[in-house]
Structures are given as structure tokens and as C-alpha cells.
>>> print(open('work_17.txt').read())   # compact mmCIF, C-alpha atoms and all ligand atoms
# COMPACT_ATOMS: atom_id res chain seq x y z
CA MET A 1 111.87 113.04 111.96
CA LYS A 2 108.66 113.31 109.94
CA ASP A 3 105.25 112.09 111.07
CA ALA A 4 104.31 108.81 109.42
CA LEU A 5 101.23 106.68 108.99
CA ILE A 6 101.83 102.96 109.43
CA PHE A 7 98.93 100.76 108.32
CA ALA A 8 98.89 97.06 109.25
CA ASN A 9 96.67 95.27 106.73
CA TRP A 10 95.88 91.90 108.27
CA LYS A 11 93.84 90.85 105.21
CA SER A 12 91.76 87.69 105.79
CA ASN A 13 93.82 86.56 108.76
CA LYS A 14 93.42 86.21 112.53
CA THR A 15 90.80 85.01 114.95
CA LYS A 16 89.89 86.94 118.09
CA ASN A 17 92.43 84.96 120.08
CA ASP A 18 95.19 85.72 117.55
CA ALA A 19 94.27 89.41 117.69
CA LYS A 20 94.40 89.40 121.49
CA ASN A 21 97.88 87.81 121.48
CA TRP A 22 99.09 90.35 118.87
CA LEU A 23 97.73 93.30 120.85
CA GLU A 24 99.23 92.04 124.11
CA GLU A 25 102.66 91.74 122.53
CA VAL A 26 102.64 94.93 120.47
CA SER A 27 101.01 97.15 123.11
CA VAL A 28 103.78 96.73 125.71
CA GLN A 29 106.12 98.53 123.31
CA ILE A 30 106.59 102.28 123.51
CA PHE A 31 105.38 103.66 120.22
CA PRO A 32 107.32 106.59 118.78
CA GLN A 33 105.12 109.70 119.06
CA ASN A 34 105.49 110.63 115.41
CA LEU A 35 103.92 107.38 114.20
CA GLU A 36 100.18 107.01 113.62
CA ILE A 37 99.60 103.26 113.70
CA VAL A 38 96.40 101.86 112.23
CA ILE A 39 95.29 98.22 112.31
CA LEU A 40 93.21 97.36 109.22
CA ALA A 41 91.30 94.45 110.65
CA PRO A 42 88.69 92.01 109.32
CA PHE A 43 85.12 93.13 110.14
CA THR A 44 84.79 90.36 112.72
CA LEU A 45 87.55 91.92 114.84
CA LEU A 46 86.70 95.62 114.66
CA ASP A 47 84.58 95.64 117.84
CA PHE A 48 87.07 93.60 119.85
CA ILE A 49 90.11 95.62 118.76
CA SER A 50 88.53 99.03 119.25
CA SER A 51 87.31 98.02 122.74
CA TYR A 52 90.74 96.63 123.64
CA ILE A 53 92.41 99.86 122.52
CA LYS A 54 90.00 102.00 124.54
CA MET A 55 90.23 99.84 127.65
CA ASN A 56 94.01 99.92 127.62
CA SER A 57 94.35 103.54 126.41
CA LEU A 58 96.60 102.48 123.54
CA LEU A 59 97.86 104.86 120.89
CA LEU A 60 96.58 102.64 118.10
CA LYS A 61 93.82 103.31 115.59
CA VAL A 62 91.46 101.02 113.72
CA GLY A 63 90.32 100.71 110.13
CA ALA A 64 88.32 98.27 108.03
CA GLN A 65 89.64 96.66 104.84
CA ASP A 66 86.56 97.45 102.77
CA ILE A 67 83.04 98.87 103.01
CA SER A 68 79.82 98.48 101.09
CA PRO A 69 79.16 100.83 98.15
CA PHE A 70 75.61 101.15 99.56
CA GLU A 71 74.18 102.75 102.66
CA SER A 72 72.64 100.38 105.23
CA GLY A 73 69.68 98.42 103.84
CA PRO A 74 68.75 95.30 101.89
CA TYR A 75 72.27 94.29 100.78
CA THR A 76 72.83 90.83 102.25
CA GLY A 77 76.37 90.20 103.36
CA GLU A 78 77.52 93.81 103.03
CA VAL A 79 78.87 95.97 105.86
CA SER A 80 78.07 99.65 105.50
CA ALA A 81 80.31 102.60 106.24
CA SER A 82 78.10 103.76 109.10
CA GLN A 83 78.31 100.29 110.69
CA VAL A 84 82.09 100.38 110.40
CA LYS A 85 82.24 103.94 111.77
CA GLU A 86 81.04 102.67 115.18
CA PHE A 87 84.43 101.01 115.61
CA ALA A 88 86.89 102.53 113.13
CA GLU A 89 88.27 105.78 111.72
CA PHE A 90 89.56 104.50 108.37
CA SER A 91 88.57 102.17 105.58
CA LEU A 92 90.81 100.72 102.92
CA ILE A 93 89.07 100.91 99.54
CA GLY A 94 89.98 99.37 96.18
CA HIS A 95 92.82 97.13 97.28
CA SER A 96 94.22 95.33 94.21
CA GLU A 97 93.17 92.00 95.74
CA ARG A 98 89.57 93.25 95.72
CA ARG A 99 89.90 94.68 92.21
CA SER A 100 91.22 91.35 90.87
CA ASN A 101 89.36 88.75 92.99
CA PHE A 102 86.02 90.54 93.36
CA GLY A 103 85.85 92.56 90.14
CA GLU A 104 85.77 95.97 91.79
CA SER A 105 85.59 98.73 89.20
CA ASN A 106 86.68 102.37 89.54
CA GLU A 107 83.02 103.26 89.59
CA MET A 108 82.31 101.00 92.56
CA ILE A 109 85.39 102.30 94.32
CA GLN A 110 84.16 105.86 93.80
CA LYS A 111 80.82 104.90 95.43
CA LYS A 112 82.65 103.40 98.39
CA VAL A 113 84.73 106.56 98.77
CA GLU A 114 81.53 108.63 98.83
CA ARG A 115 79.97 106.32 101.43
CA ALA A 116 83.09 106.52 103.59
CA GLU A 117 83.16 110.31 103.39
CA SER A 118 79.50 110.72 104.22
CA SER A 119 79.92 108.50 107.28
CA GLY A 120 83.04 110.26 108.51
CA LEU A 121 85.49 107.47 107.71
CA ILE A 122 88.81 108.40 106.12
CA PRO A 123 89.15 106.44 102.86
CA VAL A 124 92.53 104.92 102.06
CA VAL A 125 92.29 104.29 98.33
CA CYS A 126 94.72 101.84 96.75
CA ILE A 127 95.92 102.48 93.22
CA SER A 128 98.61 101.13 90.94
CA ARG A 129 97.94 103.37 87.90
CA ILE A 130 97.41 107.13 87.73
CA SER A 131 94.28 106.62 85.62
CA GLN A 132 92.63 105.03 88.69
CA LEU A 133 92.61 108.51 90.26
CA GLU A 134 90.44 110.00 87.57
CA SER A 135 87.05 109.59 89.21
CA LEU A 136 88.25 110.83 92.59
CA GLY A 137 88.44 114.59 91.94
CA SER A 138 91.29 116.77 93.05
CA ASN A 139 90.96 117.86 96.62
CA ARG A 140 89.64 115.45 99.18
CA ASP A 141 90.40 114.33 102.68
CA ILE A 142 91.55 110.92 101.56
CA ILE A 143 94.76 108.95 101.61
CA ILE A 144 96.10 107.42 98.42
CA ALA A 145 98.09 104.20 98.71
CA TYR A 146 100.41 103.46 95.80
CA GLU A 147 100.60 99.70 95.82
CA PRO A 148 101.71 97.93 92.64
CA PRO A 149 100.32 94.36 92.63
CA PHE A 150 103.68 92.83 91.62
CA ALA A 151 105.23 94.25 94.80
CA ILE A 152 102.78 92.52 97.14
CA SER A 153 104.77 89.83 98.94
CA THR A 154 102.19 87.11 98.33
CA SER A 155 101.72 87.90 94.62
CA GLY A 156 104.15 85.20 93.44
CA PRO A 157 107.74 84.01 93.46
CA ASP A 158 108.95 87.18 91.68
CA ALA A 159 107.34 89.61 94.14
CA SER A 160 109.72 92.39 95.06
CA PRO A 161 109.35 95.88 96.52
CA GLU A 162 109.02 98.73 94.04
CA ASN A 163 112.23 100.65 93.34
CA PRO A 164 112.19 103.71 95.66
CA ASP A 165 113.10 106.05 92.75
CA LEU A 166 110.05 104.83 90.85
CA VAL A 167 107.89 105.23 93.98
CA SER A 168 109.12 108.80 94.18
CA GLU A 169 108.21 109.48 90.52
CA PHE A 170 104.77 107.93 90.93
CA VAL A 171 104.07 109.89 94.09
CA GLN A 172 104.92 113.18 92.33
CA LYS A 173 102.41 112.27 89.63
CA ILE A 174 99.75 111.59 92.26
CA LYS A 175 100.48 114.96 93.88
CA GLU A 176 99.96 116.71 90.55
CA LYS A 177 96.44 115.25 90.42
CA ILE A 178 95.23 115.29 93.99
CA GLN A 179 96.04 117.09 97.23
CA SER A 180 96.10 114.17 99.62
CA LYS A 181 98.43 112.16 101.78
CA VAL A 182 100.21 109.36 99.93
CA ILE A 183 101.52 106.10 101.33
CA TYR A 184 103.44 103.23 99.73
CA GLY A 185 102.64 99.51 100.03
CA GLY A 186 104.28 96.34 98.73
CA SER A 187 106.83 94.14 100.55
CA VAL A 188 107.54 96.75 103.19
CA ASP A 189 109.71 95.31 105.95
CA ALA A 190 112.02 96.35 108.78
CA GLN A 191 114.95 96.65 106.35
CA ASN A 192 113.37 98.92 103.75
CA ILE A 193 110.90 101.01 105.74
CA LYS A 194 113.31 103.86 106.42
CA GLU A 195 114.08 104.24 102.73
CA TYR A 196 110.40 104.45 101.77
CA LEU A 197 109.60 106.92 104.55
CA SER A 198 112.49 109.13 103.49
CA ILE A 199 110.98 109.68 100.02
CA GLU A 200 109.63 113.21 99.62
CA ASN A 201 105.83 113.30 99.89
CA VAL A 202 105.55 109.72 101.12
CA ASP A 203 103.50 110.04 104.29
CA GLY A 204 103.54 106.43 105.39
CA VAL A 205 103.39 102.77 104.47
CA LEU A 206 100.87 99.99 104.07
CA VAL A 207 102.24 96.75 105.49
CA GLY A 208 100.72 93.34 104.76
CA GLY A 209 102.62 90.13 105.51
CA LYS A 210 105.10 91.67 107.92
CA SER A 211 102.31 93.10 110.09
CA LEU A 212 100.97 89.67 111.02
CA GLU A 213 103.64 88.51 113.45
CA PRO A 214 103.92 90.90 116.39
CA GLN A 215 107.72 90.87 116.42
CA SER A 216 108.14 91.62 112.72
CA PHE A 217 105.69 94.52 113.03
CA ILE A 218 107.49 95.81 116.15
CA ASN A 219 110.77 95.72 114.19
CA ILE A 220 109.15 97.80 111.45
CA LEU A 221 107.97 100.38 113.99
CA LYS A 222 111.41 100.52 115.61
CA ASN A 223 113.14 101.08 112.29
CA ALA A 224 110.63 103.65 111.10
CA VAL A 225 112.18 106.40 113.22
P1 LIG B 301 102.80 92.83 101.66
O1 LIG B 301 103.33 93.81 102.68
O2 LIG B 301 102.67 91.44 102.19
O3 LIG B 301 103.52 92.94 100.38
O4 LIG B 301 101.28 93.28 101.37
C1 LIG B 301 101.07 94.56 100.92
C2 LIG B 301 99.61 94.80 100.93
O5 LIG B 301 98.89 94.24 100.10
C3 LIG B 301 99.11 95.71 101.95
O6 LIG B 301 97.85 96.18 101.60
>>> encode(input="work_17.txt", output="C-alpha cells")
Amino acid sequence: MKDALIFANWKSNKTKNDAKNWLEEVSVQIFPQNLEIVILAPFTLLDFISSYIKMNSLLLKVGAQDISPFESGPYTGEVSASQVKEFAEFSLIGHSERRSNFGESNEMIQKKVERAESSGLIPVVCISRISQLESLGSNRDIIIAYEPPFAISTSGPDASPENPDLVSEFVQKIKEKIQSKVIYGGSVDAQNIKEYLSIENVDGVLVGGKSLEPQSFINILKNAV
């Protein structure tokens, strides 16, 4: 049984009350020891979730879904890596929804990765093409998420998970470029999680839609082992 990272990307969902209900339901489960479970929460929930986890001694970790490319300062509306670091260990960077809806370039993503690293956050960088790795260098303490936009469950009526053989090929190409952990994201659910985790060099998964309801996320965790 290999160790696996399971990221729950809540995207722009959940109020504090929703988060409390989710945590109450998920936290009564016994989590398999080999799973590292990380909630990627909206900024507004980072404080609440990290406090809840500490107070209840839960084996859950916290990450943000984005950070500013700048250090703290006169950047209205931005949340810096050092602000996030008070509550979280990880930050997602360069999700395809940010690349397409907010015009994030590889250059901006590189700046965010540098900000995360200098603040002690572990960057989880989303890519869908090998060329998006170019600016990142070859040997960093980062996690690469292979997440093809067409595989994201909310991307349209034809959304479907990437073929595991193609995930395997893509992951080998990543490994030739960079020594980092690699996870897969896109329509991961309780039925397919085992198959993705069994791919050589896949260290975990990035779950979107199926992480929102406590029971569907619990089913994913149960089937991951
Ligand atoms: P789905 O799991 O809903 O396909 O979302 C994937 C995703 O975008 C996670 O970052």
C-alpha cells in the first residue's frame, strides 16, 4: 500500500457553516495512515479550518487555492504567501481555471511558486502541457498536478477522466524534467481512484467536485487503500 496525497479542492464553494458540517462528518471517520489529506480551502475559511483541525487533533492538512505573485504590500485584494502560511502548508498554483478565467501566465505562476517557496509553503503547480514546466527548473520541493482541463468534471457535457495509460505516459514525461511528486486531477471519484493511485509515479490525486459532499469524499478515501 503506497503513501498517497489526497487533495480536496473546494474551489469557490462553502461558507463557514458548510465547512463546519463537512469537518464534523468527515472527521469522525478513521483515516488510513498512509493517506495525507489536504483541504484546499477558500481564503475565507483557512483560519477556521486550521483552528478546527488543531482543536480536534485531526490528521488533516490545509492549503490555499492560490497566492499573490507579490510579497505583502500595496496590492489591493491580494493574499500573500506569508499571510497564507499562518494557516496552511500548501498552495495550489496555476490551476487551469485561473489560467483561463484570470489570464495567469507561466511567468506569473513562476513568481507565485517563488513566493510560496520563500514563505515555506509547498506549491502544488497544475499543468496540462509539458511546456508549462519549462520555467520551473528541475529539482524543487514542489508537487506537480497533471490536470487536463477537458477532464475536469465541470468543464462541459463531454468531461471525462483522462485515460490512465495516458496519465502514466504524461507522468513519465514530467519525471524526465523535474524531480518532484506528481498527482493526477480530473473527474476523480470513488470508482476510479484506485486505478489512478496504482499508476507508477503517481503520488496522489486532486479531487474537485467529489470532495464537496462529505460522503462522496469519504467514499474516495475508503477506496483509496
Ligand atoms: P473535478 O474533480 O470536479 O473534475 O475537478 C478537478 C479539479 O479541478 C481539481 O483541481
>>> residues_near_ligand(input="work_17.txt", ligand="ligand LIG 301 (chain B)", cutoff="10 Å", atoms="all atoms listed in the file", output="ChimeraX atom specification")
/A:7-11,40,65,92,95-97,126,145-155,159-161,184-189,205-212
>>> closest_residue(input="work_17.txt", among="A:Leu59, A:Ala224, A:Val182, A:Ile218", to="Lys194 of chain A", atoms="only C-alpha atoms")
A:Ala224
>>> closest_residue(input="work_17.txt", among="A:Glu162, A:Glu71, A:Asp141, A:Glu25", to="Gln179 of chain A", atoms="all atoms listed in the file")
A:Asp141
>>> atom_distance(input="work_17.txt", atom1="atom CA of Leu5 of chain A", atom2="atom CA of Asn101 of chain A")
26.8 Å
>>> atom_distance(input="work_17.txt", atom1="atom CA of Phe43 of chain A", atom2="atom CA of Ser82 of chain A")
12.8 Å
>>> atom_distance(input="work_17.txt", atom1="atom CA of Gln172 of chain A", atom2="atom CA of Asn106 of chain A")
21.4 Å
>>> residues_around(input="work_17.txt", residues="segment 195-204 of chain A", least_positions_apart="6", cutoff="7 Å", atoms="all atoms listed in the file", output="short mmCIF file (atom, residue, chain, number, x, y, z; two decimals) with C-alpha atoms, keeping the file's coordinate frame")
data_model
loop_
_atom_site.label_atom_id
_atom_site.label_comp_id
_atom_site.auth_asym_id
_atom_site.auth_seq_id
_atom_site.Cartn_x
_atom_site.Cartn_y
_atom_site.Cartn_z
CA ALA A 4 104.31 108.81 109.42
CA LEU A 5 101.23 106.68 108.99
CA ILE A 6 101.83 102.96 109.43
CA PRO A 164 112.19 103.71 95.66
CA SER A 168 109.12 108.80 94.18
CA VAL A 171 104.07 109.89 94.09
CA LYS A 181 98.43 112.16 101.78
CA VAL A 182 100.21 109.36 99.93
CA ILE A 183 101.52 106.10 101.33
CA TYR A 184 103.44 103.23 99.73
#
>>> closest_residue(input="work_17.txt", among="A:Ser50, A:Gln83, A:Asn223, A:Gln110", to="Leu133 of chain A", atoms="only C-alpha atoms")
A:Gln110
>>> residues_around(input="work_17.txt", residues="Ile142 of chain A", least_positions_apart="2", cutoff="10 Å", atoms="all atoms listed in the file", output="number ranges by chain")
A: 90, 113, 116-117, 121-125, 136, 139-140, 144-145, 178-182
>>> axis_aligned_box(input="work_17.txt", around="segment 118-128 of chain A", padding_each_side="6 Å", output="AutoDock Vina command-line options")
--center_x 89.1 --center_y 105.9 --center_z 99.7 --size_x 31.1 --size_y 21.6 --size_z 29.6
>>> residues_around(input="work_17.txt", residues="Pro214 of chain A", least_positions_apart="4", cutoff="12 Å", atoms="only C-alpha atoms", output="ChimeraX atom specification")
/A:8,10,18-29,209-210,218-221
>>> closest_residue(input="work_17.txt", among="A:Lys222, A:Thr44, A:Gly77, A:Lys175", to="Ile30 of chain A", atoms="all atoms listed in the file")
A:Lys222
